[in-house]
Structures are given as C-alpha cells and as structure tokens.
file input-v9.cif (mmCIF, C-alpha atoms)
data_final
#
loop_
_atom_site.label_atom_id
_atom_site.label_comp_id
_atom_site.auth_asym_id
_atom_site.auth_seq_id
_atom_site.Cartn_x
_atom_site.Cartn_y
_atom_site.Cartn_z
CA MET W 1 73.69 -1.63 -30.10
CA GLY W 2 76.90 -1.69 -28.06
CA ARG W 3 78.05 1.54 -29.71
CA HIS W 4 74.71 3.17 -28.84
CA LEU W 5 75.00 2.10 -25.19
CA ARG W 6 78.57 3.43 -25.01
CA LYS W 7 77.39 6.79 -26.36
CA THR W 8 74.49 6.85 -23.90
CA GLY W 9 76.82 6.02 -21.02
CA LEU W 10 79.22 8.77 -22.08
CA LEU W 11 76.38 11.30 -22.22
CA LEU W 12 75.19 10.28 -18.75
CA THR W 13 78.71 10.63 -17.39
CA VAL W 14 79.09 14.11 -18.88
CA LEU W 15 75.65 15.10 -17.62
CA LEU W 16 76.41 13.84 -14.08
CA ALA W 17 79.71 15.72 -14.04
CA PHE W 18 77.90 18.88 -15.15
CA VAL W 19 75.25 18.48 -12.43
CA LEU W 20 77.86 17.88 -9.73
CA ARG W 21 79.96 20.83 -10.89
CA THR W 22 76.90 23.10 -11.07
CA TRP W 23 75.66 21.96 -7.67
CA GLY W 24 79.07 22.67 -6.21
CA GLU W 25 79.23 26.11 -7.78
CA GLU W 26 75.76 27.05 -6.58
CA THR W 27 75.82 25.73 -2.99
CA LEU W 28 79.34 24.92 -1.79
CA ILE W 29 80.42 28.51 -1.50
CA PHE W 30 82.37 29.56 1.56
CA LYS W 31 82.69 33.14 2.75
CA SER W 32 84.61 34.79 5.58
CA LEU W 33 82.72 35.39 8.84
CA ASN W 34 84.35 37.82 11.26
CA TRP W 35 83.31 39.17 14.64
CA GLY W 36 84.83 40.58 17.82
CA ASN W 37 84.19 42.00 21.27
CA LYS W 38 84.07 45.73 21.95
CA GLU W 39 85.61 46.39 25.34
CA GLY W 40 83.25 48.13 27.73
CA VAL W 41 80.34 47.80 25.29
CA TYR W 42 79.57 44.16 24.47
CA SER W 43 81.07 40.69 24.26
CA ILE W 44 80.30 37.65 22.09
CA SER W 45 80.62 34.55 24.26
CA ARG W 46 79.76 31.85 21.73
CA VAL W 47 79.27 31.36 17.99
CA ASP W 48 77.66 28.31 16.38
CA VAL W 49 77.72 27.61 12.63
CA ASP W 50 75.48 24.83 11.29
CA GLN W 51 74.82 23.69 14.90
CA THR W 52 78.55 23.39 15.60
CA LYS W 53 80.30 25.52 18.24
CA ILE W 54 83.21 27.49 16.77
CA LEU W 55 86.35 27.03 18.87
CA LYS W 56 88.90 28.91 16.75
CA ALA W 57 89.39 32.65 16.74
CA PRO W 58 87.68 34.67 13.99
CA PRO W 59 87.59 35.06 11.08
CA VAL W 60 86.29 31.65 10.00
CA ASN W 61 84.98 30.28 6.70
CA ALA W 62 81.25 29.57 6.70
CA LEU W 63 79.16 27.92 4.02
CA VAL W 64 76.71 30.30 2.36
CA GLY W 65 73.23 29.52 3.66
CA ASP W 66 74.39 27.89 6.89
CA GLU W 67 72.63 29.01 10.04
CA VAL W 68 74.76 31.10 12.40
CA ALA W 69 73.89 31.70 16.07
CA MET W 70 75.70 34.27 18.21
CA TYR W 71 75.37 34.89 21.95
CA ILE W 72 75.97 38.58 22.55
CA SER W 73 75.89 40.33 25.93
CA PRO W 74 76.20 44.05 26.71
CA ASP W 75 78.91 44.82 29.26
CA LYS W 76 76.64 47.22 31.17
CA PRO W 77 73.51 45.72 32.80
CA TRP W 78 71.44 48.82 31.95
CA GLN W 79 72.04 48.36 28.24
CA GLU W 80 70.77 45.86 25.67
CA VAL W 81 71.67 44.67 22.18
CA THR W 82 69.21 46.33 19.79
CA GLU W 83 70.59 45.42 16.35
CA VAL W 84 73.00 42.92 14.81
CA LYS W 85 73.96 43.60 11.18
CA VAL W 86 75.82 41.08 9.05
CA GLY W 87 77.34 42.51 5.89
CA SER W 88 75.44 44.86 3.61
CA LYS W 89 71.91 43.45 3.84
CA THR W 90 71.50 40.72 6.43
CA TYR W 91 70.14 41.42 9.91
CA ALA W 92 70.16 38.85 12.69
CA LYS W 93 67.01 38.08 14.65
CA LEU W 94 66.91 37.40 18.39
CA ASP W 95 65.58 33.93 19.24
CA THR W 96 62.98 34.52 21.97
CA ASP W 97 61.56 30.99 21.99
CA LYS W 98 62.33 29.57 25.45
CA ASN W 99 61.94 26.05 24.05
CA SER W 100 64.58 26.66 21.38
CA SER W 101 68.09 25.28 21.74
CA TYR W 102 69.27 28.75 20.66
CA PHE W 103 67.13 30.79 23.06
CA ASN W 104 68.61 34.31 23.48
CA ALA W 105 70.94 33.88 20.50
CA TRP W 106 71.05 36.22 17.50
CA ARG W 107 70.49 34.04 14.41
CA PHE W 108 70.99 34.56 10.68
CA LYS W 109 71.77 32.74 7.45
CA MET W 110 75.33 33.15 6.20
CA PRO W 111 75.12 35.60 3.26
CA ASN W 112 76.98 35.26 -0.03
CA GLU W 113 79.68 37.76 0.89
CA ASP W 114 82.58 38.16 3.30
CA VAL W 115 81.12 39.80 6.39
CA THR W 116 82.00 41.34 9.75
CA VAL W 117 79.25 41.34 12.37
CA GLU W 118 78.28 44.81 13.60
CA VAL W 119 76.50 45.12 16.96
CA THR W 120 74.45 48.09 18.19
CA VAL W 121 73.94 48.51 21.94
CA SER W 122 71.49 51.01 23.47
CA ASP W 123 70.33 52.05 26.93
CA ARG W 124 67.33 50.09 28.14
CA THR W 125 63.98 51.83 28.44
CA ALA W 126 61.71 49.04 29.70
CA THR W 127 60.84 49.18 33.40
CA LYS W 128 59.81 46.68 36.06
CA LYS W 129 58.31 47.22 39.47
CA PHE W 130 60.68 47.12 42.46
CA SER W 131 59.26 46.75 45.95
CA TRP W 132 60.03 45.43 49.42
CA LYS W 133 58.67 45.37 52.95
CA ASP W 134 60.51 45.93 56.19
CA VAL W 135 60.05 43.05 58.63
CA ALA W 136 59.50 44.20 62.20
CA GLY W 137 61.99 42.71 64.60
CA LYS W 138 64.21 41.47 61.77
CA TYR W 139 65.37 44.17 59.34
CA SER W 140 64.60 47.44 57.59
CA LEU W 141 65.77 48.39 54.10
CA THR W 142 66.30 51.55 52.07
CA ALA W 143 67.20 51.78 48.40
CA ALA W 144 68.74 54.43 46.15
CA LYS W 145 70.14 54.76 42.65
CA ALA W 146 73.89 55.02 42.17
CA ASP W 147 73.66 58.83 42.07
CA GLY W 148 71.96 58.86 45.49
CA THR W 149 68.39 59.38 44.26
CA PRO W 150 66.10 57.61 46.78
CA ILE W 151 63.87 54.77 45.55
CA THR W 152 60.52 54.14 47.17
CA SER W 153 58.99 50.69 47.35
CA GLY W 154 56.69 50.06 44.39
CA SER W 155 58.65 52.26 41.97
CA ASP W 156 59.02 51.46 38.27
CA ILE W 157 62.75 51.03 37.63
CA ILE W 158 64.51 50.63 34.29
CA ILE W 159 65.87 47.10 33.89
CA GLY W 160 69.57 46.94 34.73
CA THR W 161 69.58 50.10 36.86
CA GLU W 162 72.22 49.99 39.61
CA ILE W 163 70.52 49.99 43.02
CA ILE W 164 72.31 50.54 46.34
CA LEU W 165 70.66 48.74 49.26
CA THR W 166 71.20 49.73 52.88
CA VAL W 167 70.02 47.12 55.36
CA THR W 168 69.66 47.61 59.10
CA VAL W 169 69.36 44.27 60.90
CA THR W 170 67.32 44.58 64.10
CA GLU W 171 67.16 40.91 65.09
CA ALA W 172 69.79 40.05 67.70
CA ASN W 173 72.80 38.02 66.61
CA LYS W 174 71.75 37.99 62.96
CA GLU W 175 73.25 39.38 59.75
CA VAL W 176 72.41 39.56 56.04
CA GLU W 177 72.99 36.33 54.15
CA LYS W 178 71.43 37.01 50.72
CA PHE W 179 68.72 38.80 48.74
CA GLY W 180 65.89 37.41 46.65
CA GLU W 181 62.20 36.60 46.80
CA THR W 182 59.96 33.62 47.53
CA THR W 183 58.05 32.43 44.48
CA ALA W 184 54.40 31.38 44.45
CA GLU W 185 55.63 27.77 44.58
CA GLY W 186 57.59 28.51 47.75
CA ASN W 187 61.01 28.43 46.09
CA TRP W 188 63.75 31.00 46.69
CA ASN W 189 64.62 33.09 43.62
CA PRO W 190 67.98 34.78 44.34
CA THR W 191 68.87 38.33 43.35
CA PRO W 192 72.64 38.59 42.71
CA SER W 193 74.28 41.17 44.97
CA THR W 194 77.72 42.64 45.58
CA PRO W 195 78.76 43.83 49.06
CA LEU W 196 80.09 47.37 49.11
CA GLU W 197 80.77 48.07 52.78
CA ALA W 198 79.41 47.32 56.27
CA ASN W 199 75.65 47.39 55.59
CA LYS W 200 75.50 48.28 51.88
CA TRP W 201 75.06 46.08 48.82
CA LYS W 202 74.70 46.66 45.09
CA ILE W 203 72.15 44.95 42.85
CA TYR W 204 70.91 45.56 39.32
CA MET W 205 67.20 45.79 38.59
CA PRO W 206 66.07 42.34 37.39
CA GLU W 207 64.15 41.78 34.17
CA VAL W 208 60.97 40.91 36.09
CA ASP W 209 58.82 42.62 38.74
CA THR W 210 60.62 42.04 42.03
CA LYS W 211 59.44 41.95 45.65
CA LEU W 212 62.80 41.91 47.37
CA GLU W 213 63.31 39.96 50.60
CA VAL W 214 66.36 39.74 52.86
CA ALA W 215 67.44 36.35 54.21
CA LEU W 216 69.29 36.47 57.53
CA GLN W 217 71.77 34.08 59.05
CA ASP W 218 73.44 33.67 62.43
CA LEU W 219 76.01 36.38 63.07
CA ILE W 220 79.55 35.23 62.38
CA PRO W 221 82.03 36.82 64.83
CA THR W 222 84.56 39.17 63.24
CA HIS W 223 88.08 40.23 64.11
CA THR W 224 89.78 43.54 63.41
CA PHE W 225 92.52 44.19 60.90
CA THR W 226 94.39 47.43 61.60
CA PHE W 227 96.57 49.20 59.04
CA GLU W 228 97.69 52.73 58.22
CA SER W 229 99.58 54.78 55.65
CA LYS W 230 102.66 56.68 56.75
CA GLU W 231 105.32 58.88 55.27
CA GLY W 232 107.00 56.92 52.49
CA TYR W 233 104.14 54.55 51.70
CA GLN W 234 100.39 54.32 51.19
CA VAL W 235 98.33 51.25 52.14
CA THR W 236 95.09 50.23 50.39
CA VAL W 237 93.23 47.12 51.50
CA TYR W 238 90.52 45.12 49.71
CA GLN W 239 88.39 42.17 50.75
CA LYS W 240 87.74 39.55 48.07
CA GLY W 241 84.29 40.08 46.57
CA VAL W 242 83.93 43.61 47.96
CA GLU W 243 84.31 46.46 45.48
CA ARG W 244 85.28 49.33 47.75
CA PRO W 245 88.54 49.56 49.73
CA LEU W 246 88.35 48.83 53.45
CA SER W 247 88.79 51.40 56.20
CA SER W 248 90.94 50.74 59.26
CA PRO W 249 90.20 49.06 61.56
CA ALA W 250 88.29 46.63 59.33
CA ALA W 251 85.95 44.01 60.84
CA LEU W 252 86.62 40.75 58.98
CA LYS W 253 85.29 37.23 59.31
CA PRO W 254 87.67 34.29 59.65
CA GLY W 255 88.47 32.73 56.28
CA VAL W 256 88.00 35.82 54.11
CA ARG W 257 90.72 36.64 51.60
CA VAL W 258 92.37 40.04 52.04
CA TYR W 259 94.52 41.92 49.51
CA VAL W 260 97.01 44.57 50.61
CA HIS W 261 98.45 47.09 48.13
CA ILE W 262 101.44 49.12 49.31
CA LYS W 263 102.54 52.03 47.13
CA LEU W 264 106.03 53.31 48.01
CA SER W 265 107.55 56.70 47.46
CA ASN W 266 110.36 56.85 44.91
CA ASP W 267 113.15 56.56 47.49
CA LYS W 268 111.77 53.55 49.41
CA TRP W 269 111.81 49.77 48.96
CA LEU W 270 110.48 46.70 50.77
CA VAL W 271 112.70 43.75 51.60
CA GLU W 272 110.84 40.49 50.97
CA GLY W 273 110.31 38.52 54.17
CA SER W 274 110.95 41.39 56.56
CA GLY W 275 109.52 44.59 55.11
CA VAL W 276 105.86 43.60 55.62
CA LYS W 277 104.54 41.63 58.59
CA LEU W 278 101.25 40.76 60.25
CA GLU W 279 101.28 40.85 64.05
CA PRO W 280 100.84 38.59 65.90
CA SER W 281 102.67 36.22 63.60
CA LYS W 282 100.61 35.52 60.48
CA PHE W 283 101.78 34.59 56.98
CA ILE W 284 101.31 37.20 54.26
CA ARG W 285 102.17 36.30 50.66
CA LEU W 286 103.82 38.62 48.15
CA LEU W 287 101.80 38.35 44.93
CA SER W 288 103.52 40.82 42.65
CA VAL W 289 105.61 43.95 42.36
CA GLU W 290 104.62 46.41 39.65
CA GLY W 291 106.65 49.59 39.70
CA ASP W 292 106.24 51.15 43.14
CA VAL W 293 103.26 48.98 44.12
CA HIS W 294 103.74 45.77 46.13
CA ARG W 295 100.70 43.49 46.28
CA TYR W 296 100.18 41.02 49.13
CA ALA W 297 97.43 38.64 50.23
CA PHE W 298 96.47 36.69 53.34
CA THR W 299 93.51 34.83 54.82
CA MET W 300 91.93 36.29 57.95
CA GLY W 301 92.29 34.09 61.01
CA GLU W 302 90.67 33.80 64.43
CA ASN W 303 92.36 36.80 66.03
CA ASP W 304 92.92 40.54 65.55
CA LEU W 305 95.76 41.49 63.22
CA THR W 306 97.93 44.57 62.67
CA LEU W 307 99.93 45.35 59.54
CA ASN W 308 103.49 46.53 60.10
CA VAL W 309 105.36 48.03 57.15
CA THR W 310 109.09 48.79 57.39
CA PRO W 311 110.42 50.26 54.14
CA VAL W 312 114.13 50.81 53.59
CA SER W 313 116.00 53.22 51.36
CA ARG W 314 115.99 52.14 47.74
CA PRO W 315 119.35 50.73 46.58
CA ALA W 316 121.35 53.10 44.46
#
call {"tool": "encode", "arguments": {"input": "input-v9.cif", "output": "structure tokens"}}
result
Amino acid sequence: MGRHLRKTGLLLTVLLAFVLRTWGEETLIFKSLNWGNKEGVYSISRVDVDQTKILKAPPVNALVGDEVAMYISPDKPWQEVTEVKVGSKTYAKLDTDKNSSYFNAWRFKMPNEDVTVEVTVSDRTATKKFSWKDVAGKYSLTAAKADGTPITSGSDIIIGTEIILTVTVTEANKEVEKFGETTAEGNWNPTPSTPLEANKWKIYMPEVDTKLEVALQDLIPTHTFTFESKEGYQVTVYQKGVERPLSSPAALKPGVRVYVHIKLSNDKWLVEGSGVKLEPSKFIRLLSVEGDVHRYAFTMGENDLTLNVTPVSRPA
C-alpha cells in the first residue's frame, strides 16, 4: 500500500511539473515592444502595459497577450492618426468610449513577436461649423485662413484648420481678454488662442461646431519699448507667448517678459555689463551667447524704455 502511494505521489509530482512547465511555455512569453516619436509628424506621450504606465525608454519586454494602450497625438492640429500597426498582423483600435479609463488611447493585445509600432497620420477631412456675431458697441471680428482666404460666419471648416482672427474693439477702455463660447448651461467654454500682433490672434478649428465669442476686459495701460538695428548688429525682439517678432516702438504691458536677440557682424563683440543697456536704468539679463547671437531678457516695467547697444571691435 505504501509503495503504491509513493508511486502515485511521484506521478502527481511529475504531472504537476509538466503542467507548470507547459503553462509557462504557452503563456509566459515575453516579446520586445518598441515605439518612438516622429518629429514634426506625431508623438507618443504615454504607454501602458497591463494597466501599468511604462516609465523606461523603449524597447521594453511585454508579456504576450497583455493589453497595451498608447496615447498618440499628431504634431499638426489639422492632421489625425488614422492607423496604428503593431508587427505583421496586429492593428490597434482607438478607444472612443468616454467612460473608459483609456479613452482616446490606441489599444491592442501584445502579439507573439517582437514588434515596432508604426503610426500613419493623415490630413483631416471632417468639418465643423464656425460662426460668430459682431456685438455693436463692443467689438467686430473678421476671420481668415493662414493663406489669407477670408472665412465667412457659418462656414464649414476642416477640424484643426489654422484661423487668423482680427478683432476691432469699439467699447471705450476695453481690450480682448479671451475667446470662447457660452454653453447652454451658461458656462464659458474657452477656445485656445495665440496672440500674433496688435489685434490679431491664431486659433485652430475645434472638433465641435463653434459660435465664437470675444470676452473683453478693462484696458491695461502700455508703455513703449524702442529699439533699432544699426551697422554692425541686428536686433530682433519677441514678447513671451507671441509668435511674431515685435516692431519698434512696441506697446507692452507692465510685467510681460521680453526677449532681445542681437546678431553681431563678424568684427563686433558685446562686453557683458556695458554693451547692452536699457534706458532709463533697467536690468537686462544675458541668457546665452551662441556664435554671433547674444540673447537677453527683461520684464517690462511701468515706464517707457529704450535699448542702447554699444558693440566693440572683436578681440584679435
């Protein structure tokens, strides 16, 4: 009897070892998962494997069959991700369930092969309606595409299209604060915008029908910043958050950050502490020197300012 039990126990042990080994061979298989950004085309901001955020740089080992979720964004607002291929056969699917914890992620099961994720980005074709109304006594608005093509209120515009807004404020002592629209519930839904110059802003067509409104605020007094290029150097000035260079004299509000780029001719140099000054006395910080370009920054104060540049001959 004892011998029979020993044999039975041995058989069970061998059988259990076989099952464990087989289970391991069939399910615990890891394969390489690789991905990357494509500059100017798309970027992958986050990757989750088996509900765990991946913090290390790719490639990583993933268990075959694990769920993978990738958040992929096109670099250009007028484009969209249209296909995500994983290896030779697997295609990711976009999660469009707003109640899902992976809403807007591209999801797939890790295939049984080493893979590199391939992303296809295409120009958008879907349109939404873009409209606005001028408000008598407050403001009027015109819109155009980036190439200058005028846009009329009520037009169908491809999602992500760059739109240039020109706003003329007619209410006294007021200026543009922000863009957006009031929802049916009375809430303000903002439309992100980028200032370009005096009365121009850039937006991108939202993914929903939009009835654009302009919110005004009390006019904040400005002060002038005067600068010029001369023989031996060229001055370019930017305001933080504004894409286009400023023209002189520039009207600036107190507290704004200003960046000054001075490009010197080959035979000139600037002495730190004395070569560049703001008059009347105002501190200007040297940020960097790259080749012939000196970059400075300062914060606009409560008075008019003038930039004085005094280059010297470059040391031999």
call {"tool": "residues_around", "arguments": {"input": "input-v9.cif", "residues": "Asp134 of chain W", "least_positions_apart": "3", "cutoff": "10 Å", "atoms": "only C-alpha atoms", "output": "MDAnalysis selection string"}}
result
chainID W and resid 137:142 167:168 212:214
call {"tool": "closest_atom_pairs", "arguments": {"input": "input-v9.cif", "of": "segment 35-80 of chain W", "to": "segment 194-209 of chain W", "cutoff": "12 Å", "atoms": "only C-alpha atoms", "output": "JSON lines"}}
result
{"residue": "W:Lys76", "atom": "CA", "partner": "W:Tyr204", "partner_atom": "CA", "distance": 10.1}
{"residue": "W:Pro77", "atom": "CA", "partner": "W:Tyr204", "partner_atom": "CA", "distance": 7.0}
{"residue": "W:Trp78", "atom": "CA", "partner": "W:Tyr204", "partner_atom": "CA", "distance": 8.1}
{"residue": "W:Gln79", "atom": "CA", "partner": "W:Tyr204", "partner_atom": "CA", "distance": 11.5}
{"residue": "W:Glu80", "atom": "CA", "partner": "W:Glu207", "partner_atom": "CA", "distance": 11.5}
call {"tool": "resolve_selection", "arguments": {"input": "input-v9.cif", "expression": "the PyMOL selection byres ((chain W and resi 173-182) around 6)", "output": "list in words"}}
result
Glu171, Ala172, Thr183, Gly186, Asn187, Trp188, Asn189, Pro190, Thr191, Leu212, Glu213, Val214, Ala215, Leu216, Gln217, Asp218 and Leu219 of chain W
call {"tool": "write_last_selection", "arguments": {"input": "input-v9.cif", "atoms": "C-alpha atoms", "output": "mmCIF file, in the frame of the given file"}}
result
data_model
loop_
_atom_site.group_PDB
_atom_site.id
_atom_site.type_symbol
_atom_site.label_atom_id
_atom_site.label_comp_id
_atom_site.auth_asym_id
_atom_site.auth_seq_id
_atom_site.Cartn_x
_atom_site.Cartn_y
_atom_site.Cartn_z
ATOM 1 C CA GLU W 171 67.160 40.910 65.090
ATOM 2 C CA ALA W 172 69.790 40.050 67.700
ATOM 3 C CA THR W 183 58.050 32.430 44.480
ATOM 4 C CA GLY W 186 57.590 28.510 47.750
ATOM 5 C CA ASN W 187 61.010 28.430 46.090
ATOM 6 C CA TRP W 188 63.750 31.000 46.690
ATOM 7 C CA ASN W 189 64.620 33.090 43.620
ATOM 8 C CA PRO W 190 67.980 34.780 44.340
ATOM 9 C CA THR W 191 68.870 38.330 43.350
ATOM 10 C CA LEU W 212 62.800 41.910 47.370
ATOM 11 C CA GLU W 213 63.310 39.960 50.600
ATOM 12 C CA VAL W 214 66.360 39.740 52.860
ATOM 13 C CA ALA W 215 67.440 36.350 54.210
ATOM 14 C CA LEU W 216 69.290 36.470 57.530
ATOM 15 C CA GLN W 217 71.770 34.080 59.050
ATOM 16 C CA ASP W 218 73.440 33.670 62.430
ATOM 17 C CA LEU W 219 76.010 36.380 63.070
#
call {"tool": "residues_near_point", "arguments": {"input": "input-v9.cif", "point": "(90.5, 39.1, 46.8)", "cutoff": "10 Å", "atoms": "only C-alpha atoms", "output": "VMD selection string"}}
result
chain W and resid 237 to 243 256 to 260 297 to 299
call {"tool": "write_last_selection", "arguments": {"input": "input-v9.cif", "atoms": "C-alpha atoms", "output": "compact mmCIF listing (two decimals), keeping the file's coordinate frame"}}
result
# COMPACT_ATOMS: atom_id res chain seq x y z
CA VAL W 237 93.23 47.12 51.50
CA TYR W 238 90.52 45.12 49.71
CA GLN W 239 88.39 42.17 50.75
CA LYS W 240 87.74 39.55 48.07
CA GLY W 241 84.29 40.08 46.57
CA VAL W 242 83.93 43.61 47.96
CA GLU W 243 84.31 46.46 45.48
CA VAL W 256 88.00 35.82 54.11
CA ARG W 257 90.72 36.64 51.60
CA VAL W 258 92.37 40.04 52.04
CA TYR W 259 94.52 41.92 49.51
CA VAL W 260 97.01 44.57 50.61
CA ALA W 297 97.43 38.64 50.23
CA PHE W 298 96.47 36.69 53.34
CA THR W 299 93.51 34.83 54.82
call {"tool": "atom_distance", "arguments": {"input": "input-v9.cif", "atom1": "atom CA of Tyr296 of chain W", "atom2": "atom CA of Pro254 of chain W"}}
result
17.7 Å
call {"tool": "closest_residue", "arguments": {"input": "input-v9.cif", "among": "W:Ala57, W:Ile72, W:Val115, W:Ile163", "to": "Gly148 of chain W", "atoms": "only C-alpha atoms"}}
result
W:Ile163
call {"tool": "atom_distance", "arguments": {"input": "input-v9.cif", "atom1": "atom CA of Asp292 of chain W", "atom2": "atom CA of Tyr233 of chain W"}}
result
9.4 Å
call {"tool": "decode", "arguments": {"input": "input-v9.cif", "residues": "segment 193-208 of chain W", "atoms": "N, CA and C atoms", "output": "compact mmCIF listing (two decimals), in the first residue's frame"}}
result
# COMPACT_ATOMS: atom_id res chain seq x y z
N SER W 193 -6.08 80.29 -27.83
CA SER W 193 -5.65 81.25 -28.85
C SER W 193 -4.21 81.66 -28.59
N THR W 194 -3.55 82.11 -29.66
CA THR W 194 -2.18 82.61 -29.57
C THR W 194 -2.12 84.01 -30.16
N PRO W 195 -1.68 85.01 -29.39
CA PRO W 195 -1.57 86.36 -29.95
C PRO W 195 -0.46 86.43 -30.99
N LEU W 196 -0.74 87.13 -32.08
CA LEU W 196 0.24 87.28 -33.15
C LEU W 196 0.84 88.68 -33.17
N GLU W 197 -0.02 89.67 -33.12
CA GLU W 197 0.39 91.07 -33.09
C GLU W 197 -0.78 91.88 -32.57
N ALA W 198 -0.68 93.21 -32.64
CA ALA W 198 -1.63 94.13 -32.02
C ALA W 198 -3.06 93.59 -31.87
N ASN W 199 -3.77 93.36 -32.96
CA ASN W 199 -5.17 92.96 -32.87
C ASN W 199 -5.45 91.64 -33.59
N LYS W 200 -4.42 90.78 -33.68
CA LYS W 200 -4.56 89.51 -34.38
C LYS W 200 -4.23 88.34 -33.45
N TRP W 201 -5.01 87.26 -33.61
CA TRP W 201 -4.81 86.05 -32.83
C TRP W 201 -4.93 84.84 -33.75
N LYS W 202 -4.34 83.73 -33.33
CA LYS W 202 -4.44 82.49 -34.08
C LYS W 202 -5.18 81.45 -33.24
N ILE W 203 -6.14 80.77 -33.88
CA ILE W 203 -6.80 79.63 -33.25
C ILE W 203 -6.80 78.48 -34.25
N TYR W 204 -7.14 77.30 -33.77
CA TYR W 204 -7.33 76.15 -34.65
C TYR W 204 -8.78 75.70 -34.53
N MET W 205 -9.38 75.34 -35.66
CA MET W 205 -10.78 74.97 -35.66
C MET W 205 -11.03 73.83 -34.68
N PRO W 206 -11.91 74.04 -33.69
CA PRO W 206 -12.20 72.98 -32.71
C PRO W 206 -12.89 71.78 -33.34
N GLU W 207 -13.02 70.73 -32.56
CA GLU W 207 -13.62 69.48 -33.04
C GLU W 207 -15.13 69.47 -32.90
N VAL W 208 -15.71 70.62 -32.56
CA VAL W 208 -17.17 70.74 -32.44
C VAL W 208 -17.61 72.03 -33.14
